[in-house]
>>> print(open('work-v8.txt').read())   # compact mmCIF, C-alpha atoms
# COMPACT_ATOMS: atom_id res chain seq x y z
CA MET G 998 -5.66 -2.69 20.78
CA ASN G 999 -9.31 -1.98 20.39
CA LEU G 1000 -9.74 0.84 17.93
CA VAL G 1001 -13.34 1.47 18.85
CA GLY G 1002 -13.06 1.41 22.58
CA THR G 1003 -10.22 3.84 23.01
CA SER G 1004 -11.02 6.78 25.18
CA SER G 1005 -11.22 10.33 23.86
CA LYS G 1006 -8.25 12.50 24.39
CA VAL G 1007 -6.68 15.29 22.44
CA SER G 1008 -2.99 14.61 22.22
CA SER G 1009 -1.62 17.07 19.71
CA PRO G 1010 -2.38 20.55 18.38
CA VAL G 1011 -3.16 19.19 14.93
CA PRO G 1012 -6.30 20.69 13.35
CA GLN G 1013 -9.42 18.77 14.20
CA TRP G 1014 -11.46 17.24 11.44
CA PRO G 1015 -15.18 17.83 11.61
CA GLY G 1016 -17.06 14.86 12.94
CA THR G 1017 -14.06 12.92 14.15
CA LEU G 1018 -13.32 11.65 17.60
CA HIS G 1019 -9.91 12.42 19.00
CA TYR G 1020 -8.20 9.87 21.13
CA ASP G 1021 -4.91 9.14 22.66
CA THR G 1022 -2.07 8.12 20.44
CA ASN G 1023 -0.25 6.15 23.03
CA ASP G 1024 -2.28 3.09 22.22
CA VAL G 1025 -0.65 3.03 18.82
CA GLY G 1026 2.69 2.98 20.51
CA SER G 1027 4.68 5.58 18.66
CA PRO G 1028 5.22 9.06 20.04
CA ASN G 1029 5.32 10.32 16.47
CA VAL G 1030 1.88 9.15 15.49
CA VAL G 1031 -1.14 11.21 16.32
CA THR G 1032 -4.35 9.28 16.29
CA TYR G 1033 -7.68 10.61 15.31
CA ALA G 1034 -10.41 8.19 14.96
CA THR G 1035 -13.94 7.26 14.60
CA PHE G 1036 -15.77 4.09 13.81
CA ASN G 1037 -16.34 3.60 10.14
CA SER G 1038 -20.06 3.01 10.33
CA TYR G 1039 -20.63 2.70 6.60
CA ASN G 1040 -18.29 -0.25 6.25
CA SER G 1041 -19.02 -2.38 9.27
CA ASP G 1042 -18.05 -5.65 7.55
CA SER G 1043 -14.45 -4.63 7.47
CA GLY G 1044 -14.16 -3.87 11.16
CA PRO G 1045 -13.19 -0.78 13.13
CA TYR G 1046 -11.39 1.97 11.30
CA ALA G 1047 -9.22 4.77 12.61
CA TRP G 1048 -7.50 7.76 11.08
CA LEU G 1049 -3.92 8.47 12.01
CA VAL G 1050 -1.59 11.30 11.18
CA LEU G 1051 2.03 10.38 10.63
CA LEU G 1052 4.40 13.13 11.61
CA THR G 1053 7.69 11.37 10.88
CA LEU G 1054 9.04 8.53 8.79
CA ASP G 1055 11.62 7.40 11.35
CA SER G 1056 14.17 7.49 8.54
CA ALA G 1057 17.79 8.58 8.77
CA ASP G 1058 17.74 10.07 5.29
CA TYR G 1059 14.21 11.27 4.61
CA GLN G 1060 11.74 13.56 6.30
CA LEU G 1061 8.12 14.46 5.75
CA ARG G 1062 7.26 17.72 4.00
CA GLN G 1063 3.75 17.47 5.42
CA PRO G 1064 1.84 15.04 7.67
CA ILE G 1065 0.41 11.92 6.08
CA PHE G 1066 -3.13 10.81 6.83
CA VAL G 1067 -3.29 7.06 7.21
CA GLY G 1068 -6.29 4.80 7.64
CA LEU G 1069 -5.87 1.95 10.10
CA LYS G 1070 -8.23 -0.99 9.88
CA GLU G 1071 -8.54 -3.77 12.40
CA LYS G 1072 -9.04 -6.75 10.13
CA ALA G 1073 -8.80 -9.32 12.92
CA ASP G 1074 -7.39 -9.50 16.43
CA ASP G 1075 -3.96 -10.11 15.00
CA GLU G 1076 -4.15 -8.30 11.69
CA TYR G 1077 -4.13 -4.55 11.16
CA ILE G 1078 -3.95 -2.82 7.81
CA ALA G 1079 -2.49 0.68 7.46
CA THR G 1080 -3.39 2.52 4.24
CA PHE G 1081 -1.93 5.68 2.72
CA ALA G 1082 -4.81 6.03 0.31
CA GLU G 1083 -3.48 8.95 -1.68
CA ALA G 1084 -0.39 6.91 -2.58
CA GLU G 1085 -2.50 3.77 -3.13
CA LEU G 1086 -0.31 1.95 -0.64
CA SER G 1087 -1.22 -0.46 2.19
CA ARG G 1088 0.72 -2.55 4.64
CA SER G 1089 -0.38 -5.04 7.31
CA GLY G 1090 0.92 -6.24 10.62
CA ASP G 1091 0.06 -8.28 13.70
CA THR G 1092 -0.22 -5.01 15.62
CA PRO G 1093 -0.90 -1.38 14.60
CA GLU G 1094 2.75 -0.61 15.35
CA GLU G 1095 3.95 -3.28 12.95
CA ALA G 1096 1.63 -2.19 10.19
CA LEU G 1097 2.62 1.47 10.59
CA ALA G 1098 6.34 0.69 10.80
CA TRP G 1099 6.18 -1.32 7.59
CA LEU G 1100 4.14 1.39 5.89
CA LYS G 1101 6.72 4.01 6.85
CA SER G 1102 9.66 1.95 5.65
CA SER G 1103 7.79 1.08 2.45
CA ILE G 1104 7.13 4.75 1.73
CA VAL G 1105 10.88 5.38 1.79
CA GLU G 1106 11.79 2.19 -0.09
CA LEU G 1107 9.27 2.78 -2.85
CA TYR G 1108 10.26 6.43 -3.19
CA GLU G 1109 13.89 5.37 -3.68
CA LEU G 1110 12.93 2.53 -6.01
CA PHE G 1111 10.73 4.72 -8.22
CA LYS G 1112 13.24 7.57 -8.32
CA GLY G 1113 15.89 5.16 -9.53
CA GLU G 1114 13.84 3.76 -12.38
CA ASP G 1115 14.08 4.97 -15.96
CA GLN G 1116 10.58 3.93 -16.91
CA LEU G 1117 7.52 3.67 -14.69
CA GLY G 1118 4.08 2.33 -15.47
CA PRO G 1119 0.93 4.38 -14.76
CA LEU G 1120 0.54 3.26 -11.12
CA PRO G 1121 4.14 3.84 -9.96
CA GLN G 1122 4.07 7.20 -11.78
CA ARG G 1123 1.00 8.21 -9.78
CA GLN G 1124 2.52 6.89 -6.56
CA LEU G 1125 5.79 8.75 -7.12
CA ARG G 1126 3.96 12.02 -7.81
CA VAL G 1127 2.21 11.67 -4.45
CA LEU G 1128 5.32 10.57 -2.55
CA GLU G 1129 7.25 13.56 -3.89
CA GLN G 1130 4.67 15.84 -2.33
CA TYR G 1131 5.17 14.26 1.07
CA ILE G 1132 8.78 13.25 1.49
CA GLY G 1133 12.18 14.76 0.84
CA LYS G 1134 15.81 14.26 1.73
CA LYS G 1135 16.94 15.49 5.10
CA PRO G 1136 19.46 18.31 4.86
CA HIS G 1137 23.00 17.23 5.61
CA ARG G 1138 24.44 18.77 8.73
CA ALA G 1139 27.71 20.63 8.39
CA ARG G 1140 30.41 19.45 10.78
CA MET M 1062 -13.94 -10.03 12.12
CA ALA M 1063 -12.35 -12.48 9.76
CA ARG M 1064 -8.65 -12.62 9.31
CA SER M 1065 -7.32 -12.17 5.81
CA ARG M 1066 -7.39 -15.39 3.86
CA ILE M 1067 -4.23 -14.42 2.06
CA GLU M 1068 -1.05 -15.91 3.48
CA ARG M 1069 2.60 -15.45 2.71
CA ASP M 1070 2.70 -18.53 0.48
CA ASP M 1071 -0.16 -17.10 -1.57
CA ALA M 1072 1.81 -13.91 -2.10
CA TYR M 1073 4.83 -15.89 -3.30
CA LYS M 1074 2.61 -17.96 -5.61
CA ILE M 1075 1.17 -14.78 -7.11
CA ALA M 1076 4.64 -13.33 -7.64
CA GLU M 1077 5.75 -16.45 -9.46
CA LYS M 1078 2.55 -16.66 -11.47
CA ILE M 1079 2.67 -13.11 -12.80
CA GLY M 1080 6.44 -13.10 -13.28
CA ALA M 1081 7.31 -10.64 -10.52
CA GLU M 1082 10.80 -10.56 -9.05
CA VAL M 1083 10.97 -10.94 -5.27
CA GLN M 1084 13.68 -9.23 -3.24
CA ARG M 1085 14.25 -8.92 0.47
CA ALA M 1086 13.33 -5.45 1.71
CA GLY M 1087 14.11 -4.94 5.38
CA LYS M 1088 12.18 -7.35 7.57
CA HIS M 1089 9.88 -8.26 4.71
CA ALA M 1090 10.09 -8.74 0.95
CA ARG M 1091 9.00 -6.81 -2.10
CA ALA M 1092 7.79 -8.16 -5.43
CA THR M 1093 8.29 -6.00 -8.51
CA LEU M 1094 6.65 -6.61 -11.85
CA ARG M 1095 8.20 -5.21 -15.01
CA MET M 1096 6.79 -5.19 -18.50
CA ASP M 1097 8.91 -4.18 -21.48
CA GLY M 1098 11.52 -2.84 -19.11
CA ARG M 1099 9.02 -0.67 -17.29
CA LEU M 1100 8.23 -1.06 -13.60
CA VAL M 1101 4.45 -1.45 -13.46
CA LEU M 1102 3.54 -2.94 -10.07
CA THR M 1103 5.04 -3.63 -6.66
CA PHE M 1104 3.64 -5.52 -3.72
CA GLY M 1105 4.82 -6.29 -0.22
CA ILE M 1106 5.26 -9.81 1.15
CA ARG M 1107 5.15 -10.08 4.90
CA HIS M 1108 7.45 -12.38 6.77
CA GLY M 1109 6.28 -13.64 10.12
CA PRO M 1110 4.68 -16.66 11.73
CA ASN M 1111 1.06 -15.69 11.16
CA SER M 1112 1.45 -13.22 8.38
CA GLY M 1113 -1.94 -12.22 7.02
CA HIS M 1114 -1.73 -10.27 3.79
CA GLY M 1115 -4.77 -8.02 3.95
CA HIS M 1116 -2.69 -5.20 2.51
CA LEU M 1117 -2.80 -6.90 -0.90
CA CYS M 1118 -6.59 -6.60 -1.14
CA GLY M 1119 -8.95 -3.76 -1.91
CA ALA M 1120 -8.83 -0.65 -4.06
CA ASN M 1121 -5.78 0.69 -2.22
CA GLY M 1122 -4.29 -2.73 -1.67
CA ASP M 1123 -1.14 -3.62 -3.54
CA LEU M 1124 -2.82 -5.95 -6.03
CA LYS M 1125 -5.75 -3.58 -6.71
CA MET M 1126 -8.51 -6.14 -6.43
CA ASN M 1127 -10.75 -7.61 -3.77
CA GLU M 1128 -9.84 -10.49 -1.51
CA ALA M 1129 -11.86 -13.07 -3.44
CA ASN M 1130 -9.97 -12.23 -6.61
CA VAL M 1131 -6.61 -12.26 -4.82
CA VAL M 1132 -7.43 -15.75 -3.55
CA ALA M 1133 -8.49 -16.75 -7.05
CA LEU M 1134 -5.22 -15.49 -8.51
CA ALA M 1135 -3.14 -17.29 -5.90
CA ARG M 1136 -5.06 -20.53 -6.09
CA CYS M 1137 -5.34 -20.80 -9.85
CA THR M 1138 -8.91 -19.97 -10.81
CA MET M 1139 -7.79 -16.59 -12.17
CA THR M 1140 -5.15 -16.64 -14.87
CA LYS M 1141 -2.29 -14.19 -15.25
CA GLU M 1142 -3.93 -12.83 -18.41
CA GLN M 1143 -7.25 -12.29 -16.62
CA TYR M 1144 -5.42 -10.41 -13.87
CA PHE M 1145 -3.56 -8.23 -16.35
CA ASP M 1146 -6.84 -7.46 -18.14
CA LEU M 1147 -8.28 -6.39 -14.79
CA LEU M 1148 -5.28 -4.15 -14.15
CA ARG M 1149 -5.71 -2.56 -17.59
CA GLU M 1150 -9.36 -1.83 -16.80
CA LYS M 1151 -8.22 -0.07 -13.63
CA GLY M 1152 -5.55 1.93 -15.44
CA VAL M 1153 -2.72 0.20 -13.59
CA LEU M 1154 -1.30 -1.31 -16.76
CA PRO M 1155 -1.14 0.61 -20.01
CA SER M 1156 -3.55 -0.51 -22.70
CA PRO M 1157 -1.87 -2.47 -25.43
CA THR M 1158 -1.21 -0.31 -28.47
CA PRO M 1159 -3.04 -1.62 -31.51
CA PRO M 1160 -0.71 -2.84 -34.24
CA SER M 1161 -0.23 -0.09 -36.79
CA GLY M 1162 -1.06 -0.86 -40.38
CA PRO M 1163 1.55 -0.89 -43.08
CA LYS M 1164 2.64 2.63 -43.91
CA ASP M 1165 2.78 4.03 -47.39
CA GLN M 1166 0.82 1.11 -48.65
CA LYS M 1167 -1.10 1.87 -51.78
CA PRO M 1168 -4.70 0.74 -51.81
CA SER M 1169 -5.11 -2.31 -53.91
CA SER M 1170 -7.01 -1.74 -57.08
>>> encode(input="work-v8.txt", output="structure tokens")
Amino acid sequence: MNLVGTSSKVSSPVPQWPGTLHYDTNDVGSPNVVTYATFNSYNSDSGPYAWLVLLTLDSADYQLRQPIFVGLKEKADDEYIATFAEAELSRSGDTPEEALAWLKSSIVELYELFKGEDQLGPLPQRQLRVLEQYIGKKPHRAR
Amino acid sequence: MARSRIERDDAYKIAEKIGAEVQRAGKHARATLRMDGRLVLTFGIRHGPNSGHGHLCGANGDLKMNEANVVALARCTMTKEQYFDLLREKGVLPSPTPPSGPKDQKPSS
């Protein structure tokens, strides 16, 4: 996937950020990811950069309370890095799909790990505070 | 664009060097570092044939330092203590509490 060369296309009624270029999410591969993007011109050494909005965690037990803005960087042809900056969390993959899938599963895994700990250091405390704002248990369905 | 210089083996070396415990987590693995019973740091270790580890580097990367320093930590030019000092500077690790002086000690005459 070429993050810079993707054509413009509005694909979801999510509020538009000023100065950003909308383009189709299908290149990222997941129907639950909305892609906004623009080239990160102030950091050209690190390669193209896109903004994504995650609308689901693809988890059986957890759901999002609000969308998560994720930065996606093309580090090399076969390395993409997805970053949830507010939670100080990044994950990489050979493709954008892999990086995003690992980020999503890590969000859930770390939330469960941190919630189960008696004592957290400063960084996990900060990360848990952010994660609690974004994710919660899915309600159980009555039979 | 250059691929990340950090590989899976580097991530395992770092985990061993800093005393982090590695556990399988789904398709990949997760290293957790505890100090005095407190969970202080986690980082992801990718499993795959060409697994670059760019997610470890940078301000929002798991190890909270740039790629050159991550390489230095993995390949021995940065010590564990130097890394922990760097984490303290960034507020990732708590600052060591200074040893308290003896209480109720009368000043010597």
>>> residues_around(input="work-v8.txt", residues="Gly1152 in chain M", least_positions_apart="5", cutoff="9 Å", atoms="only C-alpha atoms", output="MDAnalysis selection string")
(chainID G and resid 1119:1120) or (chainID M and resid 1147)
>>> interface_residues(input="work-v8.txt", of="chain M", to="chain G", cutoff="7 Å", atoms="all atoms listed in the file", output="JSON list (two decimals) with C-alpha atoms, in the coordinates of the input")
[["chain", "number", "residue", "atom", "x", "y", "z"],
["M", 1062, "MET", "CA", -13.94, -10.03, 12.12],
["M", 1063, "ALA", "CA", -12.35, -12.48, 9.76],
["M", 1064, "ARG", "CA", -8.65, -12.62, 9.31],
["M", 1099, "ARG", "CA", 9.02, -0.67, -17.29],
["M", 1100, "LEU", "CA", 8.23, -1.06, -13.60],
["M", 1101, "VAL", "CA", 4.45, -1.45, -13.46],
["M", 1102, "LEU", "CA", 3.54, -2.94, -10.07],
["M", 1113, "GLY", "CA", -1.94, -12.22, 7.02],
["M", 1114, "HIS", "CA", -1.73, -10.27, 3.79],
["M", 1115, "GLY", "CA", -4.77, -8.02, 3.95],
["M", 1116, "HIS", "CA", -2.69, -5.20, 2.51],
["M", 1121, "ASN", "CA", -5.78, 0.69, -2.22],
["M", 1122, "GLY", "CA", -4.29, -2.73, -1.67],
["M", 1123, "ASP", "CA", -1.14, -3.62, -3.54],
["M", 1152, "GLY", "CA", -5.55, 1.93, -15.44],
["M", 1153, "VAL", "CA", -2.72, 0.20, -13.59],
["M", 1154, "LEU", "CA", -1.30, -1.31, -16.76],
["M", 1155, "PRO", "CA", -1.14, 0.61, -20.01]]
>>> closest_residue(input="work-v8.txt", among="G:Val1067, G:Ala1057, G:Ala1098, G:Ile1104", to="Lys1135 in chain G", atoms="only C-alpha atoms")
G:Ala1057
>>> atom_distance(input="work-v8.txt", atom1="CA of Gly1133 in chain G", atom2="CA of Arg1062 in chain G")
6.6 Å
>>> closest_residue(input="work-v8.txt", among="G:Leu1051, G:Tyr1046, G:His1137, G:Glu1095", to="Gln1063 in chain G", atoms="only C-alpha atoms")
G:Leu1051
>>> atom_distance(input="work-v8.txt", atom1="CA of Trp1048 in chain G", atom2="CA of Ile1067 in chain M")
24.2 Å
>>> residues_near_point(input="work-v8.txt", point="(9.4, -9.8, 2.0)", cutoff="6 Å", atoms="only C-alpha atoms", output="list of chain:residue names")
M:Arg1085, M:Ala1086, M:His1089, M:Ala1090, M:Arg1091, M:Ile1106, M:Arg1107, M:His1108
>>> atom_distance(input="work-v8.txt", atom1="CA of Arg1136 in chain M", atom2="CA of Ile1075 in chain M")
8.5 Å
>>> decode(input="work-v8.txt", residues="range 1081-1098 of chain M", atoms="N, CA and C atoms", output="mmCIF file, in the first residue's frame")
data_model
loop_
_atom_site.group_PDB
_atom_site.id
_atom_site.type_symbol
_atom_site.label_atom_id
_atom_site.label_comp_id
_atom_site.auth_asym_id
_atom_site.auth_seq_id
_atom_site.Cartn_x
_atom_site.Cartn_y
_atom_site.Cartn_z
ATOM 1 N N ALA M 1081 13.249 -8.518 31.867
ATOM 2 C CA ALA M 1081 11.810 -8.577 31.586
ATOM 3 C C ALA M 1081 11.390 -10.020 31.337
ATOM 4 N N GLU M 1082 10.182 -10.334 31.736
ATOM 5 C CA GLU M 1082 9.629 -11.668 31.519
ATOM 6 C C GLU M 1082 8.882 -11.681 30.189
ATOM 7 N N VAL M 1083 9.153 -12.697 29.378
ATOM 8 C CA VAL M 1083 8.507 -12.779 28.055
ATOM 9 C C VAL M 1083 7.434 -13.860 28.079
ATOM 10 N N GLN M 1084 6.261 -13.508 27.621
ATOM 11 C CA GLN M 1084 5.156 -14.463 27.527
ATOM 12 C C GLN M 1084 4.547 -14.378 26.144
ATOM 13 N N ARG M 1085 4.044 -15.500 25.680
ATOM 14 C CA ARG M 1085 3.318 -15.518 24.412
ATOM 15 C C ARG M 1085 2.022 -14.726 24.579
ATOM 16 N N ALA M 1086 1.707 -13.888 23.611
ATOM 17 C CA ALA M 1086 0.458 -13.130 23.649
ATOM 18 C C ALA M 1086 -0.138 -13.152 22.246
ATOM 19 N N GLY M 1087 -1.052 -14.097 22.010
ATOM 20 C CA GLY M 1087 -1.629 -14.231 20.681
ATOM 21 C C GLY M 1087 -0.578 -14.697 19.695
ATOM 22 N N LYS M 1088 -0.532 -14.023 18.532
ATOM 23 C CA LYS M 1088 0.434 -14.404 17.508
ATOM 24 C C LYS M 1088 1.848 -13.970 17.865
ATOM 25 N N HIS M 1089 1.944 -13.035 18.791
ATOM 26 C CA HIS M 1089 3.240 -12.454 19.105
ATOM 27 C C HIS M 1089 3.600 -12.731 20.568
ATOM 28 N N ALA M 1090 4.492 -11.935 21.117
ATOM 29 C CA ALA M 1090 4.885 -12.126 22.516
ATOM 30 C C ALA M 1090 4.921 -10.765 23.205
ATOM 31 N N ARG M 1091 4.878 -10.823 24.525
ATOM 32 C CA ARG M 1091 4.896 -9.572 25.291
ATOM 33 C C ARG M 1091 5.922 -9.707 26.405
ATOM 34 N N ALA M 1092 6.767 -8.689 26.532
ATOM 35 C CA ALA M 1092 7.743 -8.648 27.616
ATOM 36 C C ALA M 1092 7.222 -7.702 28.684
ATOM 37 N N THR M 1093 7.303 -8.123 29.936
ATOM 38 C CA THR M 1093 6.861 -7.260 31.039
ATOM 39 C C THR M 1093 8.007 -7.115 32.023
ATOM 40 N N LEU M 1094 8.234 -5.885 32.416
ATOM 41 C CA LEU M 1094 9.297 -5.582 33.373
ATOM 42 C C LEU M 1094 8.671 -5.146 34.685
ATOM 43 N N ARG M 1095 9.074 -5.806 35.760
ATOM 44 C CA ARG M 1095 8.583 -5.448 37.095
ATOM 45 C C ARG M 1095 9.748 -5.011 37.957
ATOM 46 N N MET M 1096 9.464 -4.037 38.798
ATOM 47 C CA MET M 1096 10.460 -3.583 39.775
ATOM 48 C C MET M 1096 9.776 -3.481 41.120
ATOM 49 N N ASP M 1097 10.334 -4.144 42.108
ATOM 50 C CA ASP M 1097 9.742 -4.154 43.451
ATOM 51 C C ASP M 1097 8.275 -4.563 43.402
ATOM 52 N N GLY M 1098 7.977 -5.534 42.587
ATOM 53 C CA GLY M 1098 6.610 -6.039 42.498
ATOM 54 C C GLY M 1098 5.662 -5.182 41.698
#
